[in-house]
file protein_25.pdb (PDB, C-alpha atoms, pLDDT in the B column)
ATOM      1  CA  MET A 164    -252.967 -24.101  21.076  1.00 46.00           C
ATOM      2  CA  ASP A 165    -250.422 -26.371  22.769  1.00 47.00           C
ATOM      3  CA  GLU A 166    -246.802 -25.459  22.576  1.00 47.00           C
ATOM      4  CA  ASP A 167    -244.421 -28.295  21.873  1.00 43.00           C
ATOM      5  CA  ASP A 168    -242.066 -28.266  24.844  1.00 42.00           C
ATOM      6  CA  THR A 169    -239.899 -31.349  24.609  1.00 39.00           C
ATOM      7  CA  ARG A 170    -237.398 -30.243  27.222  1.00 38.00           C
ATOM      8  CA  THR A 171    -236.646 -32.741  29.923  1.00 36.00           C
ATOM      9  CA  PRO A 172    -236.012 -31.977  33.593  1.00 38.00           C
ATOM     10  CA  GLU A 173    -232.313 -32.116  32.699  1.00 37.00           C
ATOM     11  CA  SER A 174    -232.588 -29.096  30.419  1.00 35.00           C
ATOM     12  CA  PRO A 175    -231.026 -26.530  32.771  1.00 36.00           C
ATOM     13  CA  ALA A 176    -227.947 -28.682  33.279  1.00 37.00           C
ATOM     14  CA  ARG A 177    -227.706 -29.230  29.565  1.00 33.00           C
ATOM     15  CA  SER A 178    -228.021 -25.540  28.776  1.00 33.00           C
ATOM     16  CA  ASP A 179    -225.312 -24.754  31.327  1.00 35.00           C
ATOM     17  CA  ALA A 180    -223.135 -27.398  29.754  1.00 35.00           C
ATOM     18  CA  SER A 181    -223.757 -26.015  26.281  1.00 33.00           C
ATOM     19  CA  LEU A 182    -222.939 -22.487  27.494  1.00 33.00           C
ATOM     20  CA  GLU A 183    -219.693 -23.789  28.925  1.00 35.00           C
ATOM     21  CA  HIS A 184    -218.956 -25.517  25.616  1.00 34.00           C
ATOM     22  CA  ASP A 185    -219.714 -22.300  23.705  1.00 37.00           C
ATOM     23  CA  ARG A 186    -217.228 -20.368  25.831  1.00 39.00           C
ATOM     24  CA  LEU A 187    -214.542 -22.871  24.909  1.00 38.00           C
ATOM     25  CA  LEU A 188    -215.507 -23.111  21.250  1.00 40.00           C
ATOM     26  CA  PRO A 189    -213.570 -20.135  19.836  1.00 44.00           C
ATOM     27  CA  SER A 190    -210.238 -21.477  21.061  1.00 43.00           C
ATOM     28  CA  ALA A 191    -211.063 -25.095  20.207  1.00 43.00           C
ATOM     29  CA  GLU A 192    -212.204 -24.466  16.637  1.00 67.00           C
ATOM     30  CA  LYS A 193    -211.255 -21.729  14.227  1.00 81.00           C
ATOM     31  CA  THR A 194    -214.042 -19.476  13.091  1.00 87.00           C
ATOM     32  CA  THR A 195    -214.179 -18.942   9.347  1.00 91.00           C
ATOM     33  CA  TRP A 196    -215.006 -15.816   7.366  1.00 92.00           C
ATOM     34  CA  ILE A 197    -218.452 -17.083   6.372  1.00 93.00           C
ATOM     35  CA  GLU A 198    -219.403 -17.786   9.989  1.00 95.00           C
ATOM     36  CA  LEU A 199    -219.155 -14.074  10.800  1.00 96.00           C
ATOM     37  CA  THR A 200    -222.023 -11.702  10.117  1.00 93.00           C
ATOM     38  CA  ALA A 201    -221.612  -8.958   7.526  1.00 91.00           C
ATOM     39  CA  ILE A 202    -221.402  -6.352  10.305  1.00 92.00           C
ATOM     40  CA  GLN A 203    -218.683  -8.347  12.088  1.00 95.00           C
ATOM     41  CA  ARG A 204    -216.701  -8.608   8.845  1.00 96.00           C
ATOM     42  CA  ASP A 205    -217.099  -4.874   8.295  1.00 95.00           C
ATOM     43  CA  CYS A 206    -215.893  -4.207  11.843  1.00 96.00           C
ATOM     44  CA  LEU A 207    -212.707  -6.182  11.164  1.00 97.00           C
ATOM     45  CA  GLU A 208    -212.107  -4.237   7.978  1.00 96.00           C
ATOM     46  CA  ILE A 209    -212.790  -0.890   9.649  1.00 97.00           C
ATOM     47  CA  VAL A 210    -210.377  -1.612  12.494  1.00 97.00           C
ATOM     48  CA  PHE A 211    -207.751  -2.743   9.980  1.00 96.00           C
ATOM     49  CA  ARG A 212    -208.148   0.403   7.859  1.00 95.00           C
ATOM     50  CA  ARG A 213    -207.996   2.734  10.855  1.00 96.00           C
ATOM     51  CA  GLU A 214    -204.885   1.017  12.221  1.00 94.00           C
ATOM     52  CA  ASN A 215    -203.151   1.239   8.847  1.00 92.00           C
ATOM     53  CA  ALA A 216    -203.954   4.944   8.774  1.00 94.00           C
ATOM     54  CA  GLY A 217    -202.443   5.335  12.250  1.00 93.00           C
ATOM     55  CA  ARG A 218    -205.761   6.242  13.848  1.00 93.00           C
ATOM     56  CA  GLN A 219    -207.245   4.920  17.071  1.00 87.00           C
ATOM     57  CA  CYS A 220    -210.334   2.811  16.803  1.00 93.00           C
ATOM     58  CA  ASP A 221    -213.036   3.052  19.440  1.00 93.00           C
ATOM     59  CA  GLU A 222    -216.705   2.047  19.366  1.00 92.00           C
ATOM     60  CA  HIS A 223    -217.810   5.517  18.285  1.00 92.00           C
ATOM     61  CA  GLU A 224    -215.449   5.540  15.277  1.00 94.00           C
ATOM     62  CA  ILE A 225    -216.446   2.001  14.289  1.00 95.00           C
ATOM     63  CA  LEU A 226    -220.136   2.911  14.484  1.00 94.00           C
ATOM     64  CA  ARG A 227    -219.595   6.055  12.417  1.00 93.00           C
ATOM     65  CA  ALA A 228    -217.840   4.056   9.686  1.00 93.00           C
ATOM     66  CA  LEU A 229    -220.536   1.361   9.774  1.00 93.00           C
ATOM     67  CA  GLU A 230    -223.306   3.943   9.424  1.00 92.00           C
ATOM     68  CA  GLN A 231    -221.692   5.155   6.214  1.00 91.00           C
ATOM     69  CA  ARG A 232    -221.853   1.623   4.804  1.00 87.00           C
ATOM     70  CA  SER A 233    -225.117   0.272   6.114  1.00 82.00           C
ATOM     71  CA  PRO A 234    -228.444   1.785   7.117  1.00 79.00           C
ATOM     72  CA  ILE A 235    -229.012  -1.054   9.602  1.00 80.00           C
ATOM     73  CA  ALA A 236    -225.926  -0.336  11.721  1.00 82.00           C
ATOM     74  CA  ASP A 237    -226.856   0.634  15.269  1.00 82.00           C
ATOM     75  CA  ARG A 238    -225.149   1.086  18.598  1.00 84.00           C
ATOM     76  CA  THR A 239    -227.266  -1.502  20.411  1.00 84.00           C
ATOM     77  CA  HIS A 240    -225.884  -4.429  18.423  1.00 89.00           C
ATOM     78  CA  LEU A 241    -222.376  -3.104  17.846  1.00 93.00           C
ATOM     79  CA  TYR A 242    -221.082  -3.960  21.312  1.00 92.00           C
ATOM     80  CA  ALA A 243    -222.315  -7.561  20.995  1.00 94.00           C
ATOM     81  CA  ASP A 244    -220.683  -7.923  17.563  1.00 95.00           C
ATOM     82  CA  LEU A 245    -217.402  -6.515  18.857  1.00 96.00           C
ATOM     83  CA  MET A 246    -217.495  -8.887  21.829  1.00 96.00           C
ATOM     84  CA  VAL A 247    -217.973 -11.838  19.466  1.00 96.00           C
ATOM     85  CA  LEU A 248    -214.883 -10.732  17.537  1.00 97.00           C
ATOM     86  CA  VAL A 249    -212.920 -10.325  20.771  1.00 97.00           C
ATOM     87  CA  GLY A 250    -214.150 -13.748  21.931  1.00 96.00           C
ATOM     88  CA  HIS A 251    -212.922 -15.393  18.739  1.00 96.00           C
ATOM     89  CA  GLY A 252    -209.549 -13.701  19.146  1.00 96.00           C
ATOM     90  CA  PHE A 253    -209.903 -11.506  16.051  1.00 97.00           C
ATOM     91  CA  LEU A 254    -209.830  -8.241  18.006  1.00 97.00           C
ATOM     92  CA  SER A 255    -208.297  -7.164  21.276  1.00 97.00           C
ATOM     93  CA  ARG A 256    -209.789  -4.447  23.416  1.00 96.00           C
ATOM     94  CA  SER A 257    -208.476  -2.052  25.993  1.00 94.00           C
ATOM     95  CA  VAL A 258    -210.512   0.298  28.131  1.00 92.00           C
ATOM     96  CA  ARG A 259    -209.421   3.920  28.414  1.00 85.00           C
ATOM     97  CA  PRO A 260    -211.197   5.059  31.596  1.00 83.00           C
ATOM     98  CA  ALA A 261    -210.048   8.668  31.302  1.00 84.00           C
ATOM     99  CA  GLU A 262    -211.867   9.058  27.982  1.00 81.00           C
ATOM    100  CA  ARG A 263    -214.644   6.581  28.865  1.00 84.00           C
ATOM    101  CA  THR A 264    -214.004   4.637  25.687  1.00 87.00           C
ATOM    102  CA  THR A 265    -212.865   1.207  24.645  1.00 92.00           C
ATOM    103  CA  GLU A 266    -210.206   0.902  21.976  1.00 95.00           C
ATOM    104  CA  TYR A 267    -210.125  -2.065  19.621  1.00 97.00           C
ATOM    105  CA  ARG A 268    -207.090  -3.419  17.808  1.00 96.00           C
ATOM    106  CA  LEU A 269    -206.772  -6.139  15.230  1.00 95.00           C
ATOM    107  CA  ALA A 270    -205.283  -9.282  16.779  1.00 95.00           C
ATOM    108  CA  ASP A 271    -203.020 -11.635  14.837  1.00 94.00           C
ATOM    109  CA  GLU A 272    -205.938 -14.018  14.253  1.00 95.00           C
ATOM    110  CA  GLY A 273    -208.007 -11.187  12.776  1.00 95.00           C
ATOM    111  CA  ARG A 274    -205.158 -10.054  10.557  1.00 94.00           C
ATOM    112  CA  ALA A 275    -204.650 -13.630   9.347  1.00 93.00           C
ATOM    113  CA  LEU A 276    -208.370 -14.009   8.618  1.00 94.00           C
ATOM    114  CA  LEU A 277    -208.450 -10.770   6.579  1.00 94.00           C
ATOM    115  CA  LEU A 278    -205.300 -11.737   4.705  1.00 91.00           C
ATOM    116  CA  GLN A 279    -206.696 -15.175   3.938  1.00 91.00           C
ATOM    117  CA  ARG A 280    -209.900 -13.600   2.605  1.00 93.00           C
ATOM    118  CA  ALA A 281    -207.995 -11.050   0.509  1.00 91.00           C
ATOM    119  CA  GLU A 282    -205.798 -13.756  -1.003  1.00 90.00           C
ATOM    120  CA  ARG A 283    -208.828 -15.885  -1.808  1.00 90.00           C
ATOM    121  CA  LEU A 284    -210.587 -12.978  -3.537  1.00 91.00           C
ATOM    122  CA  ALA A 285    -207.403 -12.089  -5.424  1.00 89.00           C
ATOM    123  CA  GLU A 286    -207.098 -15.685  -6.613  1.00 89.00           C
ATOM    124  CA  VAL A 287    -210.723 -15.774  -7.746  1.00 90.00           C
ATOM    125  CA  CYS A 288    -210.238 -12.500  -9.645  1.00 91.00           C
ATOM    126  CA  GLY A 289    -206.958 -13.633 -11.172  1.00 89.00           C
ATOM    127  CA  ILE A 290    -204.943 -11.013  -9.316  1.00 86.00           C
ATOM    128  CA  ARG A 291    -201.469 -11.864  -8.113  1.00 79.00           C
ATOM    129  CA  THR A 292    -200.747 -10.507  -4.648  1.00 70.00           C
ATOM    130  CA  VAL A 293    -197.307  -9.437  -3.492  1.00 69.00           C
ATOM    131  CA  GLU A 294    -197.160 -12.400  -1.134  1.00 64.00           C
ATOM    132  CA  THR A 295    -198.192 -14.794  -3.895  1.00 56.00           C
ATOM    133  CA  GLU A 296    -195.498 -13.345  -6.143  1.00 58.00           C
ATOM    134  CA  ALA A 297    -192.903 -13.615  -3.374  1.00 61.00           C
ATOM    135  CA  ALA A 298    -193.861 -17.238  -2.731  1.00 56.00           C
ATOM    136  CA  THR A 299    -193.650 -17.998  -6.464  1.00 54.00           C
ATOM    137  CA  GLU A 300    -190.224 -16.362  -6.718  1.00 62.00           C
ATOM    138  CA  THR A 301    -188.971 -18.275  -3.672  1.00 61.00           C
ATOM    139  CA  PHE A 302    -190.269 -21.539  -5.112  1.00 54.00           C
ATOM    140  CA  ALA A 303    -188.599 -20.848  -8.480  1.00 60.00           C
ATOM    141  CA  ARG A 304    -185.299 -19.915  -6.804  1.00 67.00           C
ATOM    142  CA  GLU A 305    -185.319 -23.059  -4.657  1.00 64.00           C
ATOM    143  CA  ARG A 306    -186.113 -25.141  -7.716  1.00 60.00           C
ATOM    144  CA  ARG A 307    -183.169 -23.622  -9.640  1.00 69.00           C
ATOM    145  CA  GLU A 308    -180.857 -24.278  -6.702  1.00 75.00           C
ATOM    146  CA  LYS A 309    -181.817 -27.955  -6.667  1.00 65.00           C
ATOM    147  CA  GLU A 310    -181.002 -28.322 -10.377  1.00 65.00           C
TER     148      GLU A 310
END

call {"tool": "encode", "arguments": {"input": "protein_25.pdb", "output": "structure tokens"}}
result
Amino acid sequence: MDEDDTRTPESPARSDASLEHDRLLPSAEKTTWIELTAIQRDCLEIVFRRENAGRQCDEHEILRALEQRSPIADRTHLYADLMVLVGHGFLSRSVRPAERTTEYRLADEGRALLLQRAERLAEVCGIRTVETEAATETFARERREKE
């Protein structure tokens, strides 16, 4: 059976060019919540929760939390998912050579993405968030001042 191989002799140059474009993509375009995989979304949430609790967040801790949520979580794919999140600017990472671990922290972009998602879910559910209430109060106060 013949395989359909429509690549031209220019294919290697094109693939290199597309790889170069992909490296630039995260900074050129914002990644949305729905473009992330479920595991990547869970990783963001896990890092956020651990930070809020004042706990460090390394790959081992992330994997342990993922395993509690999903039977398909495994170490082999975790590193790749974390690197995607770092590449998009949602997480930052720092290596701790003494402990042979890598610590992950939520970057401003990741925090903004989680906040945006939380606000959207709150709106859909008819829940007023503190920030929504503050914005409403500010708007009302500014309106009164104009009158």

call {"tool": "residues_around", "arguments": {"input": "protein_25.pdb", "residues": "stretch 271-280 of chain A", "least_positions_apart": "4", "cutoff": "10 Å", "atoms": "all atoms listed in the file", "output": "list in words"}}
result
Lys193, Thr194, Thr195, Trp196, Ile197, Arg204, Leu207, Glu208, Val210, Phe211, Leu248, Val249, His251, Gly252, Phe253, Leu254, Ser255, Leu284, Ala285 and Glu286 of chain A

call {"tool": "residues_around", "arguments": {"input": "protein_25.pdb", "residues": "A:Gln219", "least_positions_apart": "5", "cutoff": "10 Å", "atoms": "all atoms listed in the file", "output": "PyMOL selection string"}}
result
chain A and resi 210+213-214+224+266-268

call {"tool": "atom_distance", "arguments": {"input": "protein_25.pdb", "atom1": "atom CA of A:Leu269", "atom2": "atom CA of A:Arg283"}}
result
19.7 Å

call {"tool": "residues_around", "arguments": {"input": "protein_25.pdb", "residues": "A:Ala243", "least_positions_apart": "5", "cutoff": "12 Å", "atoms": "only C-alpha atoms", "output": "number ranges by chain"}}
result
A: 200, 202-203, 206, 222, 237-238, 248-250

call {"tool": "closest_residue", "arguments": {"input": "protein_25.pdb", "among": "A:Glu262, A:Asp221, A:Glu308, A:Glu230", "to": "A:Tyr242", "atoms": "all atoms listed in the file"}}
result
A:Asp221

call {"tool": "atom_distance", "arguments": {"input": "protein_25.pdb", "atom1": "atom CA of A:Ala270", "atom2": "atom CA of A:Ser257"}}
result
12.1 Å

call {"tool": "closest_residue", "arguments": {"input": "protein_25.pdb", "among": "A:Thr239, A:Thr265, A:Leu245, A:Asp205", "to": "A:Cys220", "atoms": "only C-alpha atoms"}}
result
A:Thr265

call {"tool": "atom_distance", "arguments": {"input": "protein_25.pdb", "atom1": "atom CA of A:Glu198", "atom2": "atom CA of A:Val258"}}
result
27.1 Å

call {"tool": "decode", "arguments": {"input": "protein_25.pdb", "residues": "stretch 262-298 of chain A", "atoms": "N, CA and C atoms", "output": "tab-separated table (two decimals), in the first residue's frame"}}
result
chain	number	residue	atom	x	y	z
A	262	GLU	N	19.01	19.78	46.25
A	262	GLU	CA	17.97	18.78	46.49
A	262	GLU	C	17.63	17.98	45.23
A	263	ARG	N	18.28	18.32	44.11
A	263	ARG	CA	18.01	17.65	42.83
A	263	ARG	C	16.55	17.74	42.43
A	264	THR	N	15.97	18.92	42.64
A	264	THR	CA	14.58	19.14	42.26
A	264	THR	C	14.44	20.45	41.51
A	265	THR	N	13.31	20.60	40.89
A	265	THR	CA	12.97	21.84	40.20
A	265	THR	C	11.70	22.38	40.82
A	266	GLU	N	11.76	23.62	41.26
A	266	GLU	CA	10.59	24.24	41.89
A	266	GLU	C	9.85	25.07	40.85
A	267	TYR	N	8.54	25.02	40.92
A	267	TYR	CA	7.69	25.78	39.99
A	267	TYR	C	6.88	26.80	40.78
A	268	ARG	N	6.75	27.98	40.19
A	268	ARG	CA	5.96	29.05	40.79
A	268	ARG	C	5.03	29.59	39.73
A	269	LEU	N	3.89	30.07	40.17
A	269	LEU	CA	2.92	30.66	39.27
A	269	LEU	C	3.42	32.04	38.85
A	270	ALA	N	3.51	32.26	37.55
A	270	ALA	CA	3.92	33.56	37.02
A	270	ALA	C	2.68	34.45	36.93
A	271	ASP	N	2.89	35.73	36.71
A	271	ASP	CA	1.78	36.67	36.62
A	271	ASP	C	0.78	36.27	35.54
A	272	GLU	N	1.29	35.79	34.41
A	272	GLU	CA	0.41	35.35	33.32
A	272	GLU	C	-0.47	34.17	33.76
A	273	GLY	N	0.10	33.25	34.51
A	273	GLY	CA	-0.66	32.11	35.01
A	273	GLY	C	-1.71	32.52	36.01
A	274	ARG	N	-1.33	33.44	36.89
A	274	ARG	CA	-2.28	33.96	37.89
A	274	ARG	C	-3.43	34.67	37.19
A	275	ALA	N	-3.11	35.47	36.18
A	275	ALA	CA	-4.15	36.18	35.43
A	275	ALA	C	-5.08	35.21	34.71
A	276	LEU	N	-4.52	34.15	34.14
A	276	LEU	CA	-5.33	33.16	33.44
A	276	LEU	C	-6.28	32.46	34.41
A	277	LEU	N	-5.79	32.06	35.59
A	277	LEU	CA	-6.64	31.42	36.59
A	277	LEU	C	-7.72	32.37	37.09
A	278	LEU	N	-7.37	33.61	37.31
A	278	LEU	CA	-8.33	34.59	37.78
A	278	LEU	C	-9.42	34.82	36.73
A	279	GLN	N	-8.99	34.93	35.49
A	279	GLN	CA	-9.95	35.11	34.39
A	279	GLN	C	-10.91	33.94	34.32
A	280	ARG	N	-10.40	32.73	34.47
A	280	ARG	CA	-11.25	31.53	34.43
A	280	ARG	C	-12.21	31.50	35.62
A	281	ALA	N	-11.71	31.84	36.80
A	281	ALA	CA	-12.55	31.85	38.00
A	281	ALA	C	-13.67	32.88	37.86
A	282	GLU	N	-13.35	34.06	37.35
A	282	GLU	CA	-14.36	35.09	37.17
A	282	GLU	C	-15.41	34.66	36.15
A	283	ARG	N	-14.96	34.01	35.10
A	283	ARG	CA	-15.90	33.54	34.08
A	283	ARG	C	-16.86	32.49	34.66
A	284	LEU	N	-16.31	31.54	35.42
A	284	LEU	CA	-17.16	30.53	36.05
A	284	LEU	C	-18.11	31.15	37.06
A	285	ALA	N	-17.62	32.11	37.83
A	285	ALA	CA	-18.47	32.79	38.81
A	285	ALA	C	-19.62	33.51	38.10
A	286	GLU	N	-19.32	34.15	36.99
A	286	GLU	CA	-20.35	34.86	36.23
A	286	GLU	C	-21.40	33.88	35.70
A	287	VAL	N	-20.94	32.76	35.15
A	287	VAL	CA	-21.85	31.76	34.62
A	287	VAL	C	-22.76	31.21	35.72
A	288	CYS	N	-22.21	31.05	36.92
A	288	CYS	CA	-22.96	30.49	38.05
A	288	CYS	C	-23.75	31.54	38.81
A	289	GLY	N	-23.62	32.80	38.40
A	289	GLY	CA	-24.34	33.86	39.08
A	289	GLY	C	-23.75	34.22	40.42
A	290	ILE	N	-22.46	34.01	40.58
A	290	ILE	CA	-21.77	34.31	41.84
A	290	ILE	C	-21.01	35.61	41.66
A	291	ARG	N	-21.15	36.49	42.62
A	291	ARG	CA	-20.42	37.75	42.56
A	291	ARG	C	-19.10	37.57	43.30
A	292	THR	N	-18.00	37.86	42.61
A	292	THR	CA	-16.69	37.74	43.25
A	292	THR	C	-16.36	39.04	43.96
A	293	VAL	N	-15.41	38.99	44.84
A	293	VAL	CA	-14.98	40.19	45.57
A	293	VAL	C	-14.54	41.26	44.59
A	294	GLU	N	-13.78	40.87	43.58
A	294	GLU	CA	-13.30	41.85	42.62
A	294	GLU	C	-14.43	42.43	41.80
A	295	THR	N	-15.43	41.63	41.47
A	295	THR	CA	-16.59	42.13	40.75
A	295	THR	C	-17.34	43.12	41.62
A	296	GLU	N	-17.50	42.78	42.90
A	296	GLU	CA	-18.19	43.68	43.82
A	296	GLU	C	-17.42	44.98	43.98
A	297	ALA	N	-16.11	44.90	44.09
A	297	ALA	CA	-15.28	46.10	44.23
A	297	ALA	C	-15.41	46.98	42.99
A	298	ALA	N	-15.38	46.36	41.82
A	298	ALA	CA	-15.52	47.12	40.58
A	298	ALA	C	-16.88	47.78	40.50
